[in-house]
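File shown: run-v1.txt (compact mmCIF, C-alpha atoms).
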```
# COMPACT_ATOMS: atom_id res chain seq x y z
CA MET A 194 35.03 -7.63 -1.16
CA PRO A 195 31.71 -8.79 0.29
CA ILE A 196 28.52 -7.80 -1.47
CA SER A 197 25.21 -7.84 0.37
CA VAL A 198 22.54 -9.78 -1.52
CA SER A 199 18.80 -9.53 -0.74
CA ILE A 200 17.09 -12.87 -1.22
CA PRO A 201 13.38 -12.89 -2.16
CA THR A 202 11.05 -14.88 0.07
CA LEU A 203 10.60 -17.41 -2.71
CA LEU A 204 14.30 -18.37 -2.65
CA ARG A 205 14.85 -18.25 1.10
CA PRO A 206 14.34 -22.00 1.50
CA LEU A 207 17.66 -22.26 -0.39
CA THR A 208 19.48 -19.83 1.94
CA GLN A 209 18.36 -21.32 5.27
CA ASP A 210 15.71 -18.60 5.47
CA GLN A 211 18.26 -15.77 5.44
CA LYS A 212 16.87 -12.67 3.75
CA ARG A 213 20.32 -11.21 3.23
CA ILE A 214 23.58 -12.99 2.52
CA GLU A 215 27.14 -11.77 2.06
CA VAL A 216 28.97 -13.02 -1.01
CA GLU A 217 32.11 -12.01 -2.87
CA GLY A 218 32.16 -11.31 -6.57
CA ALA A 219 33.63 -8.87 -9.07
CA THR A 220 30.64 -9.16 -11.41
CA VAL A 221 27.04 -10.31 -11.03
CA ARG A 222 27.90 -13.52 -12.91
CA GLU A 223 30.72 -14.30 -10.47
CA LEU A 224 28.47 -13.43 -7.55
CA ILE A 225 25.86 -15.95 -8.70
CA GLU A 226 28.53 -18.66 -9.14
CA ARG A 227 29.80 -18.08 -5.59
CA MET A 228 26.28 -17.95 -4.17
CA ASP A 229 25.66 -21.33 -5.75
CA ASN A 230 28.78 -22.75 -4.07
CA GLN A 231 27.45 -21.60 -0.70
CA TYR A 232 23.78 -22.32 -1.39
CA PRO A 233 23.53 -25.01 -4.04
CA GLY A 234 20.53 -24.76 -6.36
CA ILE A 235 20.24 -20.99 -6.41
CA LYS A 236 21.97 -20.57 -9.76
CA GLN A 237 19.51 -22.93 -11.40
CA ARG A 238 16.65 -20.73 -10.17
CA LEU A 239 18.23 -17.53 -11.46
CA LEU A 240 19.76 -18.46 -14.80
CA ASP A 241 18.18 -19.90 -17.90
CA GLY A 242 20.63 -20.99 -20.60
CA GLY A 243 23.45 -18.87 -19.16
CA GLU A 244 21.35 -15.68 -19.04
CA MET A 245 19.14 -14.26 -16.33
CA HIS A 246 15.76 -15.96 -16.18
CA ARG A 247 13.30 -13.55 -17.76
CA PHE A 248 11.02 -13.44 -14.74
CA VAL A 249 13.85 -12.45 -12.41
CA ASN A 250 15.27 -8.94 -12.24
CA VAL A 251 18.56 -8.18 -10.50
CA TYR A 252 19.27 -4.72 -9.13
CA VAL A 253 22.65 -3.38 -8.10
CA ASN A 254 21.70 -0.72 -5.61
CA ASP A 255 18.64 0.80 -7.38
CA ASP A 256 19.58 -0.09 -10.95
CA ASP A 257 18.39 -3.04 -13.03
CA ILE A 258 21.47 -4.85 -14.44
CA ARG A 259 19.70 -5.18 -17.83
CA PHE A 260 20.34 -1.46 -18.27
CA VAL A 261 23.95 -1.64 -17.05
CA ASP A 262 25.91 -4.66 -18.34
CA ASN A 263 23.65 -7.62 -17.52
CA LEU A 264 25.58 -10.45 -15.84
CA GLY A 265 28.82 -8.60 -16.61
CA THR A 266 27.77 -5.69 -14.40
CA VAL A 267 30.75 -4.82 -12.21
CA LEU A 268 30.32 -4.87 -8.44
CA LYS A 269 32.19 -2.83 -5.92
CA ASP A 270 32.63 -3.05 -2.19
CA GLY A 271 29.47 -2.08 -0.35
CA ASP A 272 27.08 -2.59 -3.27
CA ASN A 273 23.67 -3.97 -2.45
CA VAL A 274 22.33 -6.57 -4.85
CA THR A 275 18.61 -7.39 -4.89
CA ILE A 276 17.10 -10.40 -6.58
CA LEU A 277 13.50 -9.67 -7.49
CA PRO A 278 11.20 -12.19 -9.14
CA ALA A 279 8.28 -10.90 -11.18
CA VAL A 280 5.01 -11.33 -9.34
CA ALA A 281 1.67 -11.79 -11.08
CA GLY A 282 -0.64 -12.75 -8.22
CA GLY A 283 -3.69 -10.62 -7.71
CA MET B 288 -22.30 20.02 -11.10
CA ALA B 289 -22.21 21.30 -7.54
CA MET B 290 -21.98 18.74 -4.77
CA THR B 291 -24.99 18.24 -2.51
CA ASP B 292 -24.70 18.81 1.24
CA GLN B 293 -24.73 15.03 1.67
CA ALA B 294 -21.79 14.68 -0.72
CA LEU B 295 -19.88 17.51 0.98
CA LEU B 296 -20.36 15.73 4.30
CA ARG B 297 -19.50 12.30 2.92
CA TYR B 298 -16.22 13.50 1.40
CA SER B 299 -15.44 16.14 4.04
CA ARG B 300 -12.34 14.34 5.38
CA GLN B 301 -10.82 14.38 1.92
CA ILE B 302 -11.98 17.86 0.98
CA MET B 303 -10.25 19.24 4.09
CA LEU B 304 -6.90 18.01 2.73
CA GLU B 305 -5.18 20.98 1.11
CA SER B 306 -3.83 18.81 -1.71
CA ILE B 307 -7.37 17.67 -2.63
CA GLU B 308 -9.94 20.28 -1.56
CA ILE B 309 -13.21 20.72 -3.43
CA ASP B 310 -11.56 20.87 -6.84
CA GLY B 311 -9.74 17.58 -6.33
CA GLN B 312 -12.91 15.93 -5.03
CA GLU B 313 -14.80 17.13 -8.10
CA ARG B 314 -12.08 15.67 -10.31
CA LEU B 315 -12.54 12.35 -8.51
CA LEU B 316 -16.28 12.51 -9.07
CA ALA B 317 -15.66 13.11 -12.76
CA GLY B 318 -13.16 10.22 -12.97
CA HIS B 319 -13.65 6.80 -14.53
CA VAL B 320 -11.43 3.92 -13.41
CA LEU B 321 -11.30 0.47 -14.98
CA VAL B 322 -10.40 -2.17 -12.41
CA ILE B 323 -9.40 -5.43 -14.09
CA GLY B 324 -9.66 -8.32 -11.68
CA ALA B 325 -12.05 -8.26 -8.73
CA GLY B 326 -10.03 -10.58 -6.52
CA GLY B 327 -7.50 -9.91 -3.78
CA LEU B 328 -6.22 -6.60 -5.16
CA GLY B 329 -9.37 -5.55 -6.99
CA SER B 330 -11.57 -5.95 -3.89
CA PRO B 331 -9.91 -3.30 -1.71
CA ALA B 332 -9.08 -1.14 -4.73
CA ALA B 333 -12.71 -1.03 -5.94
CA LEU B 334 -14.10 -0.49 -2.44
CA TYR B 335 -11.72 2.37 -1.67
CA LEU B 336 -12.29 4.02 -5.03
CA ALA B 337 -16.05 3.87 -4.57
CA ALA B 338 -15.80 5.11 -1.00
CA ALA B 339 -13.38 7.90 -1.94
CA GLY B 340 -15.86 9.26 -4.45
CA VAL B 341 -14.57 8.18 -7.83
CA GLY B 342 -17.61 8.86 -10.00
CA ARG B 343 -17.51 5.86 -12.27
CA LEU B 344 -15.98 2.41 -11.95
CA THR B 345 -15.88 -0.41 -14.44
CA LEU B 346 -15.14 -3.76 -12.80
CA ALA B 347 -13.98 -6.60 -15.02
CA ASP B 348 -13.68 -10.23 -13.98
CA ALA B 349 -14.87 -13.46 -15.58
CA ASP B 350 -14.38 -15.71 -12.54
CA VAL B 351 -16.90 -16.75 -9.93
CA VAL B 352 -16.43 -16.47 -6.18
CA GLU B 353 -15.06 -19.63 -4.57
CA LEU B 354 -14.61 -20.49 -0.90
CA SER B 355 -10.79 -20.30 -1.17
CA ASN B 356 -11.13 -16.68 -2.38
CA LEU B 357 -12.82 -15.45 0.80
CA GLN B 358 -9.59 -15.61 2.84
CA ARG B 359 -8.50 -12.37 1.12
CA GLN B 360 -11.00 -11.12 -1.47
CA ILE B 361 -12.94 -8.90 0.89
CA ALA B 362 -15.51 -7.53 -1.53
CA HIS B 363 -17.16 -10.95 -1.51
CA GLY B 364 -18.98 -12.87 1.22
CA MET B 365 -20.53 -16.28 1.84
CA THR B 366 -23.72 -15.38 0.02
CA ASP B 367 -21.69 -14.55 -3.10
CA LEU B 368 -20.26 -18.05 -3.60
CA GLY B 369 -20.77 -19.01 -7.23
CA ARG B 370 -21.54 -15.44 -8.36
CA ASN B 371 -19.49 -13.52 -10.86
CA LYS B 372 -16.78 -11.62 -8.98
CA ALA B 373 -17.32 -8.32 -10.80
CA GLU B 374 -21.07 -8.47 -10.04
CA SER B 375 -20.41 -9.29 -6.42
CA ALA B 376 -17.83 -6.49 -6.07
CA ARG B 377 -20.25 -4.06 -7.74
CA GLU B 378 -22.84 -4.79 -5.07
CA ALA B 379 -20.26 -4.28 -2.31
CA ALA B 380 -19.09 -0.98 -3.84
CA LEU B 381 -22.66 0.29 -4.20
CA ALA B 382 -23.43 -0.67 -0.61
CA LEU B 383 -20.62 1.68 0.44
CA ASN B 384 -21.52 4.44 -1.98
CA PRO B 385 -24.71 4.29 -4.04
CA ASP B 386 -23.71 7.50 -5.85
CA CYS B 387 -20.88 5.70 -7.61
CA ARG B 388 -21.77 4.50 -11.09
CA VAL B 389 -20.48 0.93 -11.27
CA GLU B 390 -20.48 -1.11 -14.47
CA VAL B 391 -19.60 -4.75 -14.84
CA LEU B 392 -17.72 -6.60 -17.55
CA GLY B 393 -18.30 -10.24 -16.70
CA GLU B 394 -16.36 -11.86 -19.51
CA HIS B 395 -12.61 -12.33 -19.84
CA LEU B 396 -11.46 -9.05 -21.40
CA SER B 397 -9.34 -9.48 -24.49
CA GLY B 398 -8.93 -8.14 -28.00
CA GLU B 399 -11.25 -5.33 -29.03
CA ALA B 400 -13.33 -5.49 -25.86
CA LEU B 401 -10.19 -4.89 -23.79
CA THR B 402 -9.04 -2.06 -26.05
CA ALA B 403 -12.45 -0.39 -25.90
CA ALA B 404 -12.74 -0.72 -22.11
CA VAL B 405 -9.25 0.70 -21.60
CA ALA B 406 -9.86 3.57 -24.03
CA ALA B 407 -13.10 4.50 -22.24
CA ALA B 408 -11.38 4.88 -18.85
CA ASP B 409 -9.19 7.65 -17.43
CA LEU B 410 -7.07 5.14 -15.57
CA VAL B 411 -6.62 1.36 -15.43
CA LEU B 412 -5.82 -0.75 -12.36
CA ASP B 413 -4.26 -4.09 -13.20
CA CYS B 414 -5.39 -6.42 -10.42
CA THR B 415 -5.10 -9.63 -12.43
CA ASP B 416 -3.29 -12.81 -11.47
CA ARG B 417 -1.51 -13.86 -14.63
CA PHE B 418 1.23 -12.55 -16.87
CA SER B 419 -0.65 -13.07 -20.13
CA SER B 420 -3.37 -10.67 -18.90
CA ARG B 421 -0.77 -8.20 -17.67
CA TYR B 422 0.93 -8.04 -21.06
CA ALA B 423 -2.41 -7.69 -22.88
CA ILE B 424 -3.49 -4.87 -20.54
CA ASN B 425 -0.13 -3.16 -21.02
CA ARG B 426 -0.52 -3.25 -24.80
CA ALA B 427 -4.06 -1.89 -24.59
CA CYS B 428 -2.98 0.95 -22.29
CA LEU B 429 -0.13 1.87 -24.63
CA ALA B 430 -2.49 1.84 -27.63
CA ALA B 431 -5.11 3.99 -25.90
CA GLY B 432 -2.67 6.23 -24.01
CA THR B 433 -4.37 5.32 -20.72
CA PRO B 434 -2.22 5.31 -17.56
CA LEU B 435 -1.83 1.96 -15.83
CA ILE B 436 -1.36 1.24 -12.13
CA SER B 437 -0.05 -2.27 -11.80
CA GLY B 438 -0.19 -4.17 -8.51
CA ALA B 439 0.86 -7.71 -7.73
CA ALA B 440 1.13 -9.89 -4.65
CA ILE B 441 2.26 -13.40 -3.87
CA ARG B 442 3.16 -15.21 -0.63
CA PHE B 443 4.50 -12.29 1.49
CA SER B 444 5.74 -10.10 -1.39
CA GLY B 445 4.01 -7.20 -3.10
CA GLN B 446 4.87 -4.86 -5.95
CA LEU B 447 3.43 -1.67 -7.42
CA ALA B 448 4.31 0.43 -10.45
CA LEU B 449 2.61 3.19 -12.41
CA PHE B 450 3.06 3.48 -16.17
CA ASP B 451 1.99 6.56 -18.10
CA PRO B 452 2.03 6.08 -21.88
CA ARG B 453 1.66 9.84 -22.40
CA ASP B 454 4.92 10.55 -20.58
CA PRO B 455 7.87 9.96 -22.94
CA GLU B 456 10.07 9.18 -19.92
CA SER B 457 7.73 6.56 -18.50
CA PRO B 458 8.52 2.87 -18.97
CA CYS B 459 5.80 0.27 -19.61
CA TYR B 460 5.13 -3.06 -17.94
CA ALA B 461 7.16 -4.89 -20.60
CA CYS B 462 10.16 -2.60 -19.93
CA LEU B 463 10.04 -3.84 -16.35
CA TYR B 464 9.39 -7.50 -17.14
CA PRO B 465 10.24 -8.22 -20.75
CA PRO B 466 8.20 -10.98 -22.37
CA GLY B 467 10.45 -13.84 -23.50
CA GLU B 468 10.76 -15.54 -26.82
CA HIS B 469 8.36 -18.20 -25.57
CA GLY B 470 5.60 -15.62 -25.77
CA GLU B 471 3.63 -13.94 -23.06
CA SER B 472 2.89 -17.05 -21.09
CA ASP B 473 1.88 -17.83 -17.55
CA GLU B 474 4.86 -19.84 -16.39
CA ALA B 475 5.55 -17.78 -13.29
CA LEU B 476 3.97 -17.14 -9.96
CA ARG B 477 0.27 -17.10 -9.17
CA CYS B 478 -1.56 -17.16 -5.85
CA ALA B 479 -3.36 -20.38 -6.73
CA GLU B 480 -0.08 -22.30 -6.80
CA ASN B 481 2.02 -20.26 -4.38
CA GLY B 482 -0.24 -18.99 -1.65
CA VAL B 483 -0.66 -15.45 -0.38
CA VAL B 484 -1.15 -13.98 3.07
CA ALA B 485 -4.52 -12.18 3.37
CA PRO B 486 -3.62 -8.60 4.40
CA LEU B 487 -0.84 -8.35 1.79
CA VAL B 488 -3.34 -7.99 -1.06
CA GLY B 489 -5.11 -5.36 1.05
CA LEU B 490 -1.92 -3.32 1.30
CA ILE B 491 -1.10 -3.48 -2.38
CA GLY B 492 -4.69 -3.03 -3.61
CA SER B 493 -5.05 -0.04 -1.28
CA PHE B 494 -1.75 1.36 -2.58
CA GLN B 495 -3.16 1.11 -6.11
CA ALA B 496 -6.31 2.92 -4.99
CA LEU B 497 -4.21 5.62 -3.29
CA GLU B 498 -2.21 6.22 -6.47
CA ALA B 499 -5.49 6.34 -8.44
CA VAL B 500 -6.97 8.92 -6.06
CA LYS B 501 -3.79 10.99 -6.33
CA TRP B 502 -3.76 10.72 -10.11
CA LEU B 503 -7.38 11.75 -10.55
CA SER B 504 -7.48 14.48 -7.90
CA GLY B 505 -4.05 15.88 -8.78
CA ALA B 506 -2.68 15.42 -5.25
CA GLY B 507 1.04 14.87 -4.77
CA THR B 508 3.29 13.34 -7.40
CA PRO B 509 2.53 10.12 -9.26
CA HIS B 510 4.45 7.02 -8.19
CA ARG B 511 7.77 6.47 -9.97
CA GLY B 512 9.71 3.26 -10.41
CA LEU B 513 8.90 -0.08 -8.82
CA SER B 514 7.93 -0.29 -5.17
CA THR B 515 8.36 -3.62 -3.46
CA PHE B 516 7.11 -4.76 -0.08
CA ASP B 517 8.44 -7.73 1.87
CA GLY B 518 5.77 -8.65 4.38
CA LEU B 519 8.08 -10.93 6.35
CA SER B 520 10.45 -8.09 7.25
CA GLY B 521 8.11 -5.13 6.72
CA ASP B 522 10.60 -3.54 4.32
CA TRP B 523 9.46 -1.25 1.49
CA ARG B 524 11.95 -0.54 -1.27
CA ARG B 525 11.93 1.37 -4.51
CA PHE B 526 13.86 0.67 -7.68
CA ARG B 527 14.43 2.74 -10.79
CA VAL B 528 12.65 1.46 -13.89
CA PRO B 529 13.98 3.06 -17.08
CA ARG B 530 12.39 2.71 -20.50
CA ASP B 531 13.84 -0.23 -22.39
CA PRO B 532 14.95 1.04 -25.82
CA GLY B 533 14.43 -2.49 -27.17
CA CYS B 534 11.04 -3.02 -25.50
CA PRO B 535 8.79 -5.18 -27.71
CA HIS B 536 5.71 -3.27 -26.49
CA CYS B 537 6.70 0.38 -26.40
CA ALA B 538 9.95 0.95 -28.34
CA GLY B 539 9.48 3.67 -30.92
CA ARG B 540 6.40 5.02 -29.13
```
Can you present the structure in this file as structure tokens?
Amino acid sequence: MPISVSIPTLLRPLTQDQKRIEVEGATVRELIERMDNQYPGIKQRLLDGGEMHRFVNVYVNDDDIRFVDNLGTVLKDGDNVTILPAVAGG
Amino acid sequence: MAMTDQALLRYSRQIMLESIEIDGQERLLAGHVLVIGAGGLGSPAALYLAAAGVGRLTLADADVVELSNLQRQIAHGMTDLGRNKAESAREAALALNPDCRVEVLGEHLSGEALTAAVAAADLVLDCTDRFSSRYAINRACLAAGTPLISGAAIRFSGQLALFDPRDPESPCYACLYPPGEHGESDEALRCAENGVVAPLVGLIGSFQALEAVKWLSGAGTPHRGLSTFDGLSGDWRRFRVPRDPGCPHCAGR
């Protein structure tokens, strides 16, 4: 059950510059674990003490997982996951 | 106050738009926008707002123009090096449109000065480059009930969101990016450490100005959610941003 994950420019050095990767996972937490197997180091950039880093939002399709079930948010075939770091530059 | 022939000519390309017309242009002329940050985003935003006929602008920035700013902060030029950015941007805005009333706040806006400046404006553009400022501006906008158009840009990525404290459905900046228990610090991404490609700030700052013109004139519908732009692929996307019932800034509003 591959899920398409959009990688922000900031993390693309970890994914060999791919902006989109395909990963399997039944929940967002599992997805991040499997991403880290394929692209080591990515989990450390996303999680902080087992929870999402507070300056990174994750969307499943158009919805922020904080308002669904956080890392427990269930994924289904064909979902699009977007990793979106907060940006402050002006 | 009726517009002069000169003003009718100056704004004719906007007045001919059926969603703006004379009434919308007059609303722009009566509008007062506070632009906080006169850097990469604030430069195009302030210039477009002045050019479009917003009657009154307040530009706030405590920094001075440096050579490394000129790659993208297009309100400033070589002769402005060392000058206050808000002063320099004021001069550029007035050169485009001397009928615009442009005021400068040259100190770092915080506390009561921030609250007063936000309360005096119809609309606030957050063009700052740090999270601590963004959270402070969000709080001030919530307290004053002033709508906030937030723009941000780093590397090749841009974001825009509009928050309206008077709309019970509207989230606030802290609903989108909740401040952590470590406080409202600056640990994340800034241009100074991460780089930014020049035209990206033009796109996002102009997008902020567009939303401001729409808001003030009444054209179209105000922006909803979070828009993101990836300059490397050219992709725009939009995400839903609900209110956070546990938001430390706006819960119980």
Selection: 10 Å around Cys428 in chain B, all atoms listed in the file, excl. self and same-chain fewer than 4 positions, as an mmCIF file with C-alpha atoms, in the coordinates of the input:
```cif
data_model
loop_
_atom_site.group_PDB
_atom_site.id
_atom_site.type_symbol
_atom_site.label_atom_id
_atom_site.label_comp_id
_atom_site.auth_asym_id
_atom_site.auth_seq_id
_atom_site.Cartn_x
_atom_site.Cartn_y
_atom_site.Cartn_z
ATOM 1 C CA LEU B 401 -10.190 -4.890 -23.790
ATOM 2 C CA THR B 402 -9.040 -2.060 -26.050
ATOM 3 C CA ALA B 404 -12.740 -0.720 -22.110
ATOM 4 C CA VAL B 405 -9.250 0.700 -21.600
ATOM 5 C CA ALA B 406 -9.860 3.570 -24.030
ATOM 6 C CA ALA B 408 -11.380 4.880 -18.850
ATOM 7 C CA LEU B 410 -7.070 5.140 -15.570
ATOM 8 C CA VAL B 411 -6.620 1.360 -15.430
ATOM 9 C CA TYR B 422 0.930 -8.040 -21.060
ATOM 10 C CA ALA B 423 -2.410 -7.690 -22.880
ATOM 11 C CA ILE B 424 -3.490 -4.870 -20.540
ATOM 12 C CA GLY B 432 -2.670 6.230 -24.010
ATOM 13 C CA THR B 433 -4.370 5.320 -20.720
ATOM 14 C CA PRO B 434 -2.220 5.310 -17.560
ATOM 15 C CA LEU B 435 -1.830 1.960 -15.830
ATOM 16 C CA PHE B 450 3.060 3.480 -16.170
ATOM 17 C CA ASP B 451 1.990 6.560 -18.100
ATOM 18 C CA PRO B 452 2.030 6.080 -21.880
ATOM 19 C CA CYS B 459 5.800 0.270 -19.610
#
```
Enclose range 432-451 of chain B, meaning all of its atoms listed in the file, in a box aligned along x, y and z, pad it by 4 Å on each side, and list the centre and edge lengths in Å to one decimal, as lines of an AutoDock Vina configuration file.
```
center_x = 0.7
center_y = -4.3
center_z = -11.3
size_x = 18.1
size_y = 29.8
size_z = 33.5
```
Q: Enumerate as number ranges by chain the residues belonging to chain A that approach chain B to within 8 Å, with all atoms listed in the file taken into account.
A: A: 202, 247-248, 250, 252, 255-257, 260, 279-283
Q: Please indicate the distance in Å from CA of Thr345 in chain B to CA of Leu321 in chain B, rounded to one decimal place.
A: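 One can read the CA of Thr345 in chain B to CA of Leu321 in chain B distance as 4.7 Å.
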Q) Of the candidates A:Gly218, A:Val267, A:Val251, A:Gln209, which one gets nearest to Pro233 in chain A if we count all atoms listed in the file? A)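 Going through A:Gly218, A:Val267, A:Val251, A:Gln209 one by one, the smallest distance to Pro233 in chain A is for A:Gln209.
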Q.
List as a list in words the residues having at least one atom at most 9 Å from position (13.7, -10.5, 0.8) as given in the file, counting all atoms listed in the file.
A. Ser199, Ile200, Pro201, Thr202, Leu203, Leu204, Arg205, Gln211, Lys212, Arg213, Thr275, Ile276 and Leu277 of chain A; Ser444, Phe516, Asp517, Gly518, Leu519, Ser520 and Asp522 of chain B
**Q.** Protein, DNA and RNA residues within 6 Å of (-16.4, 19.3, -1.1), all atoms listed in the file, as a list in words
**A.**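 Protein and nucleic acid residues near the point are Leu295, Ile302 and Ile309 of chain B.
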